[in-house]
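Structure below is target24.cif: mmCIF, N, CA and C atoms.
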```cif
data_run
loop_
_atom_site.label_atom_id
_atom_site.label_comp_id
_atom_site.auth_asym_id
_atom_site.auth_seq_id
_atom_site.Cartn_x
_atom_site.Cartn_y
_atom_site.Cartn_z
N MET A 537 -30.90 2.61 -7.45
CA MET A 537 -30.48 2.11 -6.16
C MET A 537 -30.03 3.29 -5.30
N VAL A 538 -30.53 3.37 -4.09
CA VAL A 538 -30.09 4.39 -3.14
C VAL A 538 -29.31 3.68 -2.05
N LEU A 539 -28.06 4.10 -1.87
CA LEU A 539 -27.19 3.53 -0.86
C LEU A 539 -26.70 4.63 0.07
N ALA A 540 -26.56 4.30 1.33
CA ALA A 540 -25.99 5.23 2.30
C ALA A 540 -24.65 4.68 2.75
N GLY A 541 -23.77 5.58 3.13
CA GLY A 541 -22.47 5.17 3.63
C GLY A 541 -21.93 6.18 4.61
N ARG A 542 -21.01 5.71 5.45
CA ARG A 542 -20.40 6.62 6.43
C ARG A 542 -19.05 6.08 6.84
N CYS A 543 -18.23 6.99 7.38
CA CYS A 543 -16.94 6.59 7.91
C CYS A 543 -17.13 5.91 9.26
N LEU A 544 -16.07 5.40 9.83
CA LEU A 544 -16.14 4.66 11.09
C LEU A 544 -16.76 5.47 12.21
N CYS A 545 -16.39 6.75 12.34
CA CYS A 545 -16.91 7.56 13.44
C CYS A 545 -18.21 8.27 13.09
N GLY A 546 -18.60 8.27 11.81
CA GLY A 546 -19.88 8.83 11.39
C GLY A 546 -19.90 10.31 11.10
N VAL A 547 -18.77 11.02 11.23
CA VAL A 547 -18.81 12.47 10.97
C VAL A 547 -18.84 12.78 9.48
N ASN A 548 -18.53 11.80 8.63
CA ASN A 548 -18.64 11.94 7.18
C ASN A 548 -19.61 10.88 6.68
N ALA A 549 -20.63 11.30 5.94
CA ALA A 549 -21.63 10.36 5.45
C ALA A 549 -22.09 10.79 4.06
N ILE A 550 -22.46 9.81 3.25
CA ILE A 550 -22.92 10.07 1.89
C ILE A 550 -24.20 9.29 1.60
N VAL A 551 -24.88 9.74 0.56
CA VAL A 551 -25.97 9.00 -0.05
C VAL A 551 -25.67 8.93 -1.54
N VAL A 552 -25.83 7.75 -2.12
CA VAL A 552 -25.67 7.55 -3.55
C VAL A 552 -27.05 7.26 -4.11
N ASP A 553 -27.54 8.12 -4.98
CA ASP A 553 -28.87 7.96 -5.57
C ASP A 553 -28.71 7.77 -7.07
N GLY A 554 -28.37 6.56 -7.46
CA GLY A 554 -28.15 6.26 -8.86
C GLY A 554 -27.40 4.95 -9.00
N PRO A 555 -27.15 4.55 -10.23
CA PRO A 555 -26.46 3.27 -10.44
C PRO A 555 -25.00 3.34 -9.99
N ILE A 556 -24.49 2.20 -9.59
CA ILE A 556 -23.09 2.09 -9.23
C ILE A 556 -22.48 0.92 -9.97
N SER A 557 -21.16 0.94 -10.08
CA SER A 557 -20.45 -0.17 -10.72
C SER A 557 -20.38 -1.35 -9.75
N GLY A 558 -19.89 -2.47 -10.25
CA GLY A 558 -19.56 -3.57 -9.37
C GLY A 558 -18.32 -3.20 -8.56
N ILE A 559 -17.99 -4.05 -7.63
CA ILE A 559 -16.84 -3.79 -6.76
C ILE A 559 -15.54 -4.15 -7.48
N SER A 560 -14.62 -3.22 -7.46
CA SER A 560 -13.28 -3.44 -7.97
C SER A 560 -12.35 -3.55 -6.78
N LEU A 561 -11.59 -4.64 -6.69
CA LEU A 561 -10.63 -4.82 -5.62
C LEU A 561 -9.23 -4.54 -6.16
N CYS A 562 -8.59 -3.49 -5.63
CA CYS A 562 -7.26 -3.12 -6.07
C CYS A 562 -6.23 -3.74 -5.15
N HIS A 563 -5.28 -4.47 -5.73
CA HIS A 563 -4.25 -5.18 -4.97
C HIS A 563 -2.90 -4.49 -5.02
N CYS A 564 -2.82 -3.26 -5.54
CA CYS A 564 -1.52 -2.59 -5.63
C CYS A 564 -0.98 -2.32 -4.23
N SER A 565 0.32 -2.19 -4.12
CA SER A 565 0.94 -2.03 -2.81
C SER A 565 0.49 -0.75 -2.11
N MET A 566 0.18 0.29 -2.86
CA MET A 566 -0.25 1.54 -2.24
C MET A 566 -1.64 1.40 -1.64
N CYS A 567 -2.56 0.77 -2.34
CA CYS A 567 -3.91 0.56 -1.80
C CYS A 567 -3.87 -0.40 -0.62
N ARG A 568 -2.99 -1.41 -0.67
CA ARG A 568 -2.86 -2.30 0.49
C ARG A 568 -2.41 -1.52 1.71
N ARG A 569 -1.44 -0.64 1.54
CA ARG A 569 -0.96 0.14 2.68
C ARG A 569 -2.02 1.13 3.17
N ALA A 570 -2.72 1.75 2.23
CA ALA A 570 -3.75 2.73 2.60
C ALA A 570 -4.91 2.08 3.35
N SER A 571 -5.23 0.84 3.00
CA SER A 571 -6.36 0.17 3.63
C SER A 571 -5.95 -0.69 4.82
N GLY A 572 -4.69 -1.08 4.88
CA GLY A 572 -4.25 -2.00 5.92
C GLY A 572 -4.73 -3.42 5.67
N ALA A 573 -5.15 -3.72 4.44
CA ALA A 573 -5.69 -5.03 4.10
C ALA A 573 -5.06 -5.53 2.80
N GLY A 574 -5.47 -6.69 2.35
CA GLY A 574 -4.92 -7.28 1.14
C GLY A 574 -5.35 -6.59 -0.13
N SER A 575 -6.40 -5.79 -0.05
CA SER A 575 -6.87 -5.02 -1.21
C SER A 575 -7.74 -3.89 -0.70
N LEU A 576 -8.00 -2.95 -1.57
CA LEU A 576 -8.93 -1.86 -1.25
C LEU A 576 -10.06 -1.95 -2.27
N GLY A 577 -11.27 -2.15 -1.79
CA GLY A 577 -12.42 -2.28 -2.67
C GLY A 577 -13.13 -0.94 -2.86
N HIS A 578 -13.56 -0.70 -4.09
CA HIS A 578 -14.31 0.52 -4.36
C HIS A 578 -15.34 0.27 -5.46
N VAL A 579 -16.33 1.16 -5.49
CA VAL A 579 -17.31 1.20 -6.58
C VAL A 579 -17.25 2.60 -7.18
N LEU A 580 -17.75 2.73 -8.40
CA LEU A 580 -17.85 4.02 -9.06
C LEU A 580 -19.31 4.41 -9.20
N ALA A 581 -19.57 5.69 -9.06
CA ALA A 581 -20.90 6.26 -9.29
C ALA A 581 -20.71 7.57 -10.03
N LEU A 582 -21.72 8.01 -10.73
CA LEU A 582 -21.66 9.35 -11.31
C LEU A 582 -21.53 10.35 -10.18
N ALA A 583 -20.63 11.30 -10.32
CA ALA A 583 -20.40 12.28 -9.25
C ALA A 583 -21.68 13.02 -8.90
N GLU A 584 -22.52 13.28 -9.89
CA GLU A 584 -23.77 14.02 -9.63
C GLU A 584 -24.77 13.21 -8.81
N ASP A 585 -24.56 11.89 -8.68
CA ASP A 585 -25.44 11.03 -7.91
C ASP A 585 -24.99 10.85 -6.46
N VAL A 586 -23.87 11.46 -6.09
CA VAL A 586 -23.32 11.30 -4.74
C VAL A 586 -23.49 12.61 -3.99
N ARG A 587 -24.09 12.51 -2.80
CA ARG A 587 -24.34 13.70 -1.99
C ARG A 587 -23.83 13.46 -0.57
N TRP A 588 -23.09 14.43 -0.06
CA TRP A 588 -22.64 14.37 1.33
C TRP A 588 -23.80 14.76 2.23
N THR A 589 -24.14 13.90 3.19
CA THR A 589 -25.18 14.22 4.16
C THR A 589 -24.58 14.72 5.48
N GLU A 590 -23.36 14.35 5.74
CA GLU A 590 -22.56 14.85 6.87
C GLU A 590 -21.16 15.07 6.32
N LYS A 591 -20.59 16.22 6.61
CA LYS A 591 -19.24 16.47 6.09
C LYS A 591 -18.37 17.01 7.21
N GLY A 592 -17.68 16.10 7.86
CA GLY A 592 -16.74 16.45 8.91
C GLY A 592 -15.38 16.73 8.32
N PRO A 593 -14.36 16.70 9.14
CA PRO A 593 -13.01 17.00 8.66
C PRO A 593 -12.50 15.96 7.67
N HIS A 594 -11.91 16.46 6.61
CA HIS A 594 -11.27 15.62 5.59
C HIS A 594 -9.78 15.89 5.61
N ARG A 595 -9.01 14.87 5.35
CA ARG A 595 -7.57 15.02 5.16
C ARG A 595 -7.24 14.36 3.83
N HIS A 596 -6.08 14.65 3.29
CA HIS A 596 -5.68 14.07 2.02
C HIS A 596 -4.18 13.88 2.02
N VAL A 597 -3.76 12.69 1.65
CA VAL A 597 -2.33 12.44 1.48
C VAL A 597 -2.06 12.38 -0.02
N GLN A 598 -1.04 13.06 -0.45
CA GLN A 598 -0.65 13.06 -1.86
C GLN A 598 0.83 12.72 -1.93
N LEU A 599 1.16 11.62 -2.58
CA LEU A 599 2.54 11.18 -2.69
C LEU A 599 3.18 11.74 -3.95
N ALA A 600 4.50 11.78 -3.97
CA ALA A 600 5.23 12.27 -5.14
C ALA A 600 4.92 11.44 -6.38
N SER A 601 4.57 10.17 -6.18
CA SER A 601 4.24 9.28 -7.30
C SER A 601 2.93 9.67 -7.99
N GLY A 602 2.14 10.53 -7.35
CA GLY A 602 0.83 10.90 -7.87
C GLY A 602 -0.30 10.21 -7.16
N TYR A 603 -0.01 9.14 -6.41
CA TYR A 603 -1.03 8.43 -5.65
C TYR A 603 -1.52 9.32 -4.52
N GLY A 604 -2.81 9.44 -4.38
CA GLY A 604 -3.38 10.21 -3.31
C GLY A 604 -4.59 9.51 -2.75
N ARG A 605 -4.94 9.86 -1.53
CA ARG A 605 -6.09 9.21 -0.90
C ARG A 605 -6.69 10.17 0.12
N PRO A 606 -8.01 10.46 -0.01
CA PRO A 606 -8.68 11.25 1.02
C PRO A 606 -9.10 10.34 2.18
N PHE A 607 -9.11 10.88 3.38
CA PHE A 607 -9.53 10.11 4.53
C PHE A 607 -10.14 11.03 5.58
N CYS A 608 -10.92 10.43 6.47
CA CYS A 608 -11.59 11.19 7.54
C CYS A 608 -10.54 11.73 8.49
N GLY A 609 -10.65 13.02 8.80
CA GLY A 609 -9.73 13.66 9.72
C GLY A 609 -9.92 13.25 11.17
N GLU A 610 -11.01 12.55 11.48
CA GLU A 610 -11.27 12.09 12.84
C GLU A 610 -10.86 10.63 13.03
N CYS A 611 -11.36 9.73 12.18
CA CYS A 611 -11.14 8.30 12.40
C CYS A 611 -10.18 7.66 11.40
N GLY A 612 -9.84 8.35 10.32
CA GLY A 612 -8.89 7.81 9.35
C GLY A 612 -9.49 6.92 8.28
N SER A 613 -10.81 6.73 8.27
CA SER A 613 -11.44 5.90 7.22
C SER A 613 -11.19 6.51 5.85
N PRO A 614 -10.95 5.67 4.82
CA PRO A 614 -10.84 6.22 3.48
C PRO A 614 -12.18 6.83 3.07
N LEU A 615 -12.14 7.90 2.30
CA LEU A 615 -13.35 8.61 1.88
C LEU A 615 -13.50 8.62 0.37
N PRO A 616 -14.72 8.87 -0.11
CA PRO A 616 -14.94 8.99 -1.55
C PRO A 616 -14.13 10.13 -2.15
N GLU A 617 -13.82 9.98 -3.42
CA GLU A 617 -13.10 11.03 -4.14
C GLU A 617 -13.59 11.08 -5.59
N THR A 618 -13.57 12.27 -6.16
CA THR A 618 -13.94 12.40 -7.57
C THR A 618 -12.74 12.02 -8.42
N VAL A 619 -13.04 11.36 -9.53
CA VAL A 619 -12.01 10.89 -10.46
C VAL A 619 -12.49 11.14 -11.89
N HIS A 620 -11.61 10.93 -12.85
CA HIS A 620 -11.93 11.09 -14.27
C HIS A 620 -12.48 12.49 -14.54
N ASN A 621 -11.68 13.49 -14.16
CA ASN A 621 -12.03 14.90 -14.37
C ASN A 621 -13.35 15.29 -13.69
N GLY A 622 -13.63 14.68 -12.55
CA GLY A 622 -14.82 15.04 -11.78
C GLY A 622 -16.10 14.38 -12.23
N ALA A 623 -16.04 13.51 -13.24
CA ALA A 623 -17.26 12.88 -13.75
C ALA A 623 -17.77 11.78 -12.83
N TYR A 624 -16.87 11.10 -12.15
CA TYR A 624 -17.25 9.95 -11.32
C TYR A 624 -16.76 10.15 -9.90
N CYS A 625 -17.35 9.39 -9.00
CA CYS A 625 -16.92 9.37 -7.62
C CYS A 625 -16.50 7.93 -7.31
N ARG A 626 -15.28 7.77 -6.81
CA ARG A 626 -14.79 6.45 -6.39
C ARG A 626 -15.08 6.34 -4.90
N ILE A 627 -15.88 5.35 -4.53
CA ILE A 627 -16.36 5.19 -3.16
C ILE A 627 -15.79 3.92 -2.56
N PRO A 628 -15.03 4.02 -1.47
CA PRO A 628 -14.57 2.81 -0.80
C PRO A 628 -15.77 1.98 -0.36
N VAL A 629 -15.83 0.75 -0.79
CA VAL A 629 -17.03 -0.07 -0.60
C VAL A 629 -17.29 -0.37 0.88
N GLY A 630 -16.26 -0.34 1.71
CA GLY A 630 -16.45 -0.59 3.13
C GLY A 630 -17.26 0.48 3.84
N LEU A 631 -17.45 1.64 3.21
CA LEU A 631 -18.25 2.70 3.80
C LEU A 631 -19.74 2.46 3.64
N LEU A 632 -20.12 1.67 2.64
CA LEU A 632 -21.53 1.50 2.29
C LEU A 632 -22.25 0.62 3.30
N GLU A 633 -23.45 1.05 3.69
CA GLU A 633 -24.25 0.33 4.68
C GLU A 633 -24.95 -0.89 4.10
N ASP A 634 -25.44 -0.81 2.89
CA ASP A 634 -26.26 -1.87 2.31
C ASP A 634 -25.48 -2.56 1.21
N HIS A 635 -25.11 -3.81 1.45
CA HIS A 635 -24.31 -4.53 0.47
C HIS A 635 -25.09 -5.60 -0.30
N ALA A 636 -26.40 -5.65 -0.15
CA ALA A 636 -27.20 -6.76 -0.68
C ALA A 636 -27.01 -6.98 -2.18
N ASP A 637 -26.95 -5.93 -2.98
CA ASP A 637 -26.87 -6.10 -4.43
C ASP A 637 -25.46 -5.92 -4.97
N LEU A 638 -24.47 -5.80 -4.11
CA LEU A 638 -23.11 -5.57 -4.55
C LEU A 638 -22.34 -6.87 -4.67
N HIS A 639 -21.46 -6.94 -5.66
CA HIS A 639 -20.58 -8.09 -5.78
C HIS A 639 -19.29 -7.66 -6.48
N VAL A 640 -18.24 -8.43 -6.23
CA VAL A 640 -16.94 -8.15 -6.83
C VAL A 640 -17.02 -8.50 -8.32
N THR A 641 -16.63 -7.53 -9.15
CA THR A 641 -16.63 -7.77 -10.60
C THR A 641 -15.23 -7.84 -11.18
N GLU A 642 -14.23 -7.35 -10.42
CA GLU A 642 -12.87 -7.41 -10.94
C GLU A 642 -11.84 -7.25 -9.82
N HIS A 643 -10.66 -7.80 -10.08
CA HIS A 643 -9.47 -7.62 -9.25
C HIS A 643 -8.47 -6.89 -10.14
N ILE A 644 -7.92 -5.77 -9.66
CA ILE A 644 -6.98 -5.01 -10.48
C ILE A 644 -5.61 -4.94 -9.79
N PHE A 645 -4.58 -4.71 -10.59
CA PHE A 645 -3.19 -4.68 -10.13
C PHE A 645 -2.81 -5.95 -9.37
N VAL A 646 -3.26 -7.08 -9.90
CA VAL A 646 -2.98 -8.36 -9.24
C VAL A 646 -1.50 -8.73 -9.33
N GLY A 647 -0.77 -8.15 -10.26
CA GLY A 647 0.67 -8.39 -10.33
C GLY A 647 1.39 -7.87 -9.11
N SER A 648 0.77 -6.95 -8.38
CA SER A 648 1.34 -6.39 -7.15
C SER A 648 0.74 -7.02 -5.90
N ALA A 649 -0.11 -8.01 -6.06
CA ALA A 649 -0.81 -8.59 -4.90
C ALA A 649 0.18 -9.17 -3.91
N ALA A 650 -0.19 -9.10 -2.64
CA ALA A 650 0.64 -9.68 -1.58
C ALA A 650 0.78 -11.18 -1.82
N CYS A 651 1.93 -11.73 -1.44
CA CYS A 651 2.20 -13.14 -1.69
C CYS A 651 1.21 -14.06 -0.98
N TRP A 652 0.52 -13.57 0.05
CA TRP A 652 -0.42 -14.40 0.80
C TRP A 652 -1.85 -14.29 0.29
N MET A 653 -2.06 -13.58 -0.82
CA MET A 653 -3.40 -13.46 -1.42
C MET A 653 -3.45 -14.25 -2.71
N PRO A 654 -4.47 -14.97 -3.07
CA PRO A 654 -5.57 -15.38 -2.19
C PRO A 654 -5.11 -16.52 -1.30
N ASP A 655 -5.87 -16.78 -0.29
CA ASP A 655 -5.50 -17.82 0.67
C ASP A 655 -6.61 -18.87 0.74
N GLN A 656 -6.30 -19.94 1.39
CA GLN A 656 -7.27 -21.03 1.58
C GLN A 656 -7.58 -21.23 3.06
N ALA A 657 -7.34 -20.20 3.88
CA ALA A 657 -7.56 -20.30 5.32
C ALA A 657 -9.04 -20.49 5.64
N PRO A 658 -9.34 -21.11 6.79
CA PRO A 658 -10.73 -21.29 7.20
C PRO A 658 -11.44 -19.94 7.37
N ARG A 659 -12.75 -19.95 7.21
CA ARG A 659 -13.57 -18.75 7.37
C ARG A 659 -14.46 -18.93 8.60
N TYR A 660 -14.64 -17.84 9.40
CA TYR A 660 -15.45 -17.89 10.61
C TYR A 660 -16.44 -16.73 10.60
N ASP A 661 -17.63 -16.96 11.08
CA ASP A 661 -18.62 -15.88 11.19
C ASP A 661 -18.25 -14.90 12.29
N GLY A 662 -17.58 -15.37 13.32
CA GLY A 662 -17.17 -14.50 14.43
C GLY A 662 -15.67 -14.34 14.47
N ASP A 663 -15.13 -14.18 15.67
CA ASP A 663 -13.71 -13.90 15.87
C ASP A 663 -12.82 -15.10 15.56
N GLY A 664 -13.35 -16.28 15.59
CA GLY A 664 -12.55 -17.47 15.33
C GLY A 664 -12.06 -18.09 16.62
N PRO A 665 -11.43 -19.27 16.51
CA PRO A 665 -10.96 -19.96 17.71
C PRO A 665 -9.76 -19.25 18.33
N ALA A 666 -9.41 -19.67 19.54
CA ALA A 666 -8.24 -19.11 20.21
C ALA A 666 -7.00 -19.40 19.37
N ARG A 667 -6.08 -18.46 19.35
CA ARG A 667 -4.84 -18.62 18.57
C ARG A 667 -3.96 -19.69 19.20
N THR A 668 -3.48 -20.60 18.36
CA THR A 668 -2.58 -21.65 18.84
C THR A 668 -1.29 -21.68 18.03
N ASP A 669 -1.15 -20.73 17.10
CA ASP A 669 0.02 -20.74 16.23
C ASP A 669 1.15 -19.83 16.70
N LEU A 670 1.04 -19.26 17.90
CA LEU A 670 2.09 -18.43 18.47
C LEU A 670 2.76 -19.17 19.63
N PRO A 671 4.07 -19.00 19.78
CA PRO A 671 4.73 -19.67 20.91
C PRO A 671 4.29 -19.07 22.22
N PRO A 672 4.32 -19.86 23.31
CA PRO A 672 3.94 -19.31 24.62
C PRO A 672 4.93 -18.23 25.05
N LYS A 673 4.45 -17.27 25.80
CA LYS A 673 5.29 -16.19 26.30
C LYS A 673 6.28 -16.75 27.31
N GLN A 674 7.53 -16.37 27.20
CA GLN A 674 8.59 -16.87 28.10
C GLN A 674 8.64 -16.07 29.37
#
```
Turn this file's structure into structure tokens for me.
Amino acid sequence: MVLAGRCLCGVNAIVVDGPISGISLCHCSMCRRASGAGSLGHVLALAEDVRWTEKGPHRHVQLASGYGRPFCGECGSPLPETVHNGAYCRIPVGLLEDHADLHVTEHIFVGSAACWMPDQAPRYDGDGPARTDLPPKQ
């Protein structure tokens, strides 16, 4: 499987030419904060199968806890990183262009999941209806 991916602004882009894992959704509080969402999804690929086709500015945050995350220095999108002594590349799944054969295979750190996950809220293909759950402005 050959997959392409890029950050929001496009200055960082990759091609994955090889097998990838299923999607792992991490619900730990650090990944939630890093992604701004209820979880951060990623896939794994062999590091040798991942090639940068565009490499713009990279930034990296490293916390005292050991948690770190690379991100685009222009738009802030999370970026791929090598893990397991450089053998694998962890790729944020939101960067990938082609999702046809991808599916979630696991949820990890669910003990840290936000109290509102999972939810039973309605799903919309677009933006959804006008908001009616906020009080009118005084």
Problem - Spatial neighbours of region 592-605 of chain A, 6.5 Å, all atoms listed in the file, chain gap at least 5 places, as a PyMOL selection string - result: chain A and resi 547-549+610+615
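Applied to the file shown here, the PyMOL selection byres ((chain A and resi 577-584) around 6.5) selects A:Pro555, A:Ile556, A:Ser557, A:Gly558, A:Ile559, A:Ser560, A:Leu561, A:Cys562, A:Ser575, A:Leu576, A:Asp585, A:Val586, A:Arg587, A:Gly622, A:Ala623, A:Tyr624, A:Cys625, A:Arg626, A:Ile627, A:Pro628, A:Val629, A:Gly630.
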Kindly list the centre and edge lengths in Å, rounded to one decimal, for the axis-aligned box that covers all listed atoms of region 590-595 of chain A plus 5 Å on each of its six sides, as JSON.
```
{"center_x": -15.3, "center_y": 15.7, "center_z": 6.5, "size_x": 26.1, "size_y": 12.7, "size_z": 15.3}
```
Exercise for the section: For the structure shown, which residues end up in the PyMOL selection byres (((chain A and resi 551 and name CA) around 7) and name CA)? Put them as a ChimeraX atom specification, please? Expected result: /A:538-541,550,552-553,586-589
Completion exercise
One decimal place gives the atom C of Ser613 (chain A)-atom N of Leu544 (chain A) separation as 6.4 Å
Quick one: region 610-633 of chain A with N, CA, C and O atoms, as a PDB file, keeping the file's coordinate frame?
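What ended up in selection-v9.pdb:
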```
ATOM      1  N   GLU A 610     -11.010  12.550  11.480  1.00  0.00           N
ATOM      2  CA  GLU A 610     -11.270  12.090  12.840  1.00  0.00           C
ATOM      3  C   GLU A 610     -10.860  10.630  13.030  1.00  0.00           C
ATOM      4  O   GLU A 610     -10.111  10.321  13.939  1.00  0.00           O
ATOM      5  N   CYS A 611     -11.360   9.730  12.180  1.00  0.00           N
ATOM      6  CA  CYS A 611     -11.140   8.300  12.400  1.00  0.00           C
ATOM      7  C   CYS A 611     -10.180   7.660  11.400  1.00  0.00           C
ATOM      8  O   CYS A 611      -9.763   6.526  11.610  1.00  0.00           O
ATOM      9  N   GLY A 612      -9.840   8.350  10.320  1.00  0.00           N
ATOM     10  CA  GLY A 612      -8.890   7.810   9.350  1.00  0.00           C
ATOM     11  C   GLY A 612      -9.490   6.920   8.280  1.00  0.00           C
ATOM     12  O   GLY A 612      -8.762   6.405   7.425  1.00  0.00           O
ATOM     13  N   SER A 613     -10.810   6.730   8.270  1.00  0.00           N
ATOM     14  CA  SER A 613     -11.440   5.900   7.220  1.00  0.00           C
ATOM     15  C   SER A 613     -11.190   6.510   5.850  1.00  0.00           C
ATOM     16  O   SER A 613     -11.228   7.734   5.696  1.00  0.00           O
ATOM     17  N   PRO A 614     -10.950   5.670   4.820  1.00  0.00           N
ATOM     18  CA  PRO A 614     -10.840   6.220   3.480  1.00  0.00           C
ATOM     19  C   PRO A 614     -12.180   6.830   3.070  1.00  0.00           C
ATOM     20  O   PRO A 614     -13.235   6.343   3.476  1.00  0.00           O
ATOM     21  N   LEU A 615     -12.140   7.900   2.300  1.00  0.00           N
ATOM     22  CA  LEU A 615     -13.350   8.610   1.880  1.00  0.00           C
ATOM     23  C   LEU A 615     -13.500   8.620   0.370  1.00  0.00           C
ATOM     24  O   LEU A 615     -12.530   8.419  -0.358  1.00  0.00           O
ATOM     25  N   PRO A 616     -14.720   8.870  -0.110  1.00  0.00           N
ATOM     26  CA  PRO A 616     -14.940   8.990  -1.550  1.00  0.00           C
ATOM     27  C   PRO A 616     -14.130  10.130  -2.150  1.00  0.00           C
ATOM     28  O   PRO A 616     -13.803  11.112  -1.464  1.00  0.00           O
ATOM     29  N   GLU A 617     -13.820   9.980  -3.420  1.00  0.00           N
ATOM     30  CA  GLU A 617     -13.100  11.030  -4.140  1.00  0.00           C
ATOM     31  C   GLU A 617     -13.590  11.080  -5.590  1.00  0.00           C
ATOM     32  O   GLU A 617     -13.989  10.069  -6.151  1.00  0.00           O
ATOM     33  N   THR A 618     -13.570  12.270  -6.160  1.00  0.00           N
ATOM     34  CA  THR A 618     -13.940  12.400  -7.570  1.00  0.00           C
ATOM     35  C   THR A 618     -12.740  12.020  -8.420  1.00  0.00           C
ATOM     36  O   THR A 618     -11.584  12.287  -8.073  1.00  0.00           O
ATOM     37  N   VAL A 619     -13.040  11.360  -9.530  1.00  0.00           N
ATOM     38  CA  VAL A 619     -12.010  10.890 -10.460  1.00  0.00           C
ATOM     39  C   VAL A 619     -12.490  11.140 -11.890  1.00  0.00           C
ATOM     40  O   VAL A 619     -13.644  11.515 -12.101  1.00  0.00           O
ATOM     41  N   HIS A 620     -11.610  10.930 -12.850  1.00  0.00           N
ATOM     42  CA  HIS A 620     -11.930  11.090 -14.270  1.00  0.00           C
ATOM     43  C   HIS A 620     -12.480  12.490 -14.540  1.00  0.00           C
ATOM     44  O   HIS A 620     -13.603  12.649 -15.023  1.00  0.00           O
ATOM     45  N   ASN A 621     -11.680  13.490 -14.160  1.00  0.00           N
ATOM     46  CA  ASN A 621     -12.030  14.900 -14.370  1.00  0.00           C
ATOM     47  C   ASN A 621     -13.350  15.290 -13.690  1.00  0.00           C
ATOM     48  O   ASN A 621     -14.106  16.112 -14.206  1.00  0.00           O
ATOM     49  N   GLY A 622     -13.630  14.680 -12.550  1.00  0.00           N
ATOM     50  CA  GLY A 622     -14.820  15.040 -11.780  1.00  0.00           C
ATOM     51  C   GLY A 622     -16.100  14.380 -12.230  1.00  0.00           C
ATOM     52  O   GLY A 622     -17.160  14.638 -11.652  1.00  0.00           O
ATOM     53  N   ALA A 623     -16.040  13.510 -13.240  1.00  0.00           N
ATOM     54  CA  ALA A 623     -17.260  12.880 -13.750  1.00  0.00           C
ATOM     55  C   ALA A 623     -17.770  11.780 -12.830  1.00  0.00           C
ATOM     56  O   ALA A 623     -18.977  11.547 -12.750  1.00  0.00           O
ATOM     57  N   TYR A 624     -16.870  11.100 -12.150  1.00  0.00           N
ATOM     58  CA  TYR A 624     -17.250   9.950 -11.320  1.00  0.00           C
ATOM     59  C   TYR A 624     -16.760  10.150  -9.900  1.00  0.00           C
ATOM     60  O   TYR A 624     -15.835  10.921  -9.638  1.00  0.00           O
ATOM     61  N   CYS A 625     -17.350   9.390  -9.000  1.00  0.00           N
ATOM     62  CA  CYS A 625     -16.920   9.370  -7.620  1.00  0.00           C
ATOM     63  C   CYS A 625     -16.500   7.930  -7.310  1.00  0.00           C
ATOM     64  O   CYS A 625     -17.271   7.000  -7.560  1.00  0.00           O
ATOM     65  N   ARG A 626     -15.280   7.770  -6.810  1.00  0.00           N
ATOM     66  CA  ARG A 626     -14.790   6.450  -6.390  1.00  0.00           C
ATOM     67  C   ARG A 626     -15.080   6.340  -4.900  1.00  0.00           C
ATOM     68  O   ARG A 626     -14.590   7.132  -4.097  1.00  0.00           O
ATOM     69  N   ILE A 627     -15.880   5.350  -4.530  1.00  0.00           N
ATOM     70  CA  ILE A 627     -16.360   5.190  -3.160  1.00  0.00           C
ATOM     71  C   ILE A 627     -15.790   3.920  -2.560  1.00  0.00           C
ATOM     72  O   ILE A 627     -16.026   2.825  -3.088  1.00  0.00           O
ATOM     73  N   PRO A 628     -15.030   4.020  -1.470  1.00  0.00           N
ATOM     74  CA  PRO A 628     -14.570   2.810  -0.800  1.00  0.00           C
ATOM     75  C   PRO A 628     -15.770   1.980  -0.360  1.00  0.00           C
ATOM     76  O   PRO A 628     -16.659   2.464   0.348  1.00  0.00           O
ATOM     77  N   VAL A 629     -15.830   0.750  -0.790  1.00  0.00           N
ATOM     78  CA  VAL A 629     -17.030  -0.070  -0.600  1.00  0.00           C
ATOM     79  C   VAL A 629     -17.290  -0.370   0.880  1.00  0.00           C
ATOM     80  O   VAL A 629     -18.438  -0.561   1.291  1.00  0.00           O
ATOM     81  N   GLY A 630     -16.260  -0.340   1.710  1.00  0.00           N
ATOM     82  CA  GLY A 630     -16.450  -0.590   3.130  1.00  0.00           C
ATOM     83  C   GLY A 630     -17.260   0.480   3.840  1.00  0.00           C
ATOM     84  O   GLY A 630     -17.745   0.262   4.947  1.00  0.00           O
ATOM     85  N   LEU A 631     -17.450   1.640   3.210  1.00  0.00           N
ATOM     86  CA  LEU A 631     -18.250   2.700   3.800  1.00  0.00           C
ATOM     87  C   LEU A 631     -19.740   2.460   3.640  1.00  0.00           C
ATOM     88  O   LEU A 631     -20.546   3.014   4.374  1.00  0.00           O
ATOM     89  N   LEU A 632     -20.120   1.670   2.640  1.00  0.00           N
ATOM     90  CA  LEU A 632     -21.530   1.500   2.290  1.00  0.00           C
ATOM     91  C   LEU A 632     -22.250   0.620   3.300  1.00  0.00           C
ATOM     92  O   LEU A 632     -21.750  -0.428   3.714  1.00  0.00           O
ATOM     93  N   GLU A 633     -23.450   1.050   3.690  1.00  0.00           N
ATOM     94  CA  GLU A 633     -24.250   0.330   4.680  1.00  0.00           C
ATOM     95  C   GLU A 633     -24.950  -0.890   4.100  1.00  0.00           C
ATOM     96  O   GLU A 633     -25.076  -1.896   4.753  1.00  0.00           O
TER      97      GLU A 633
END
```
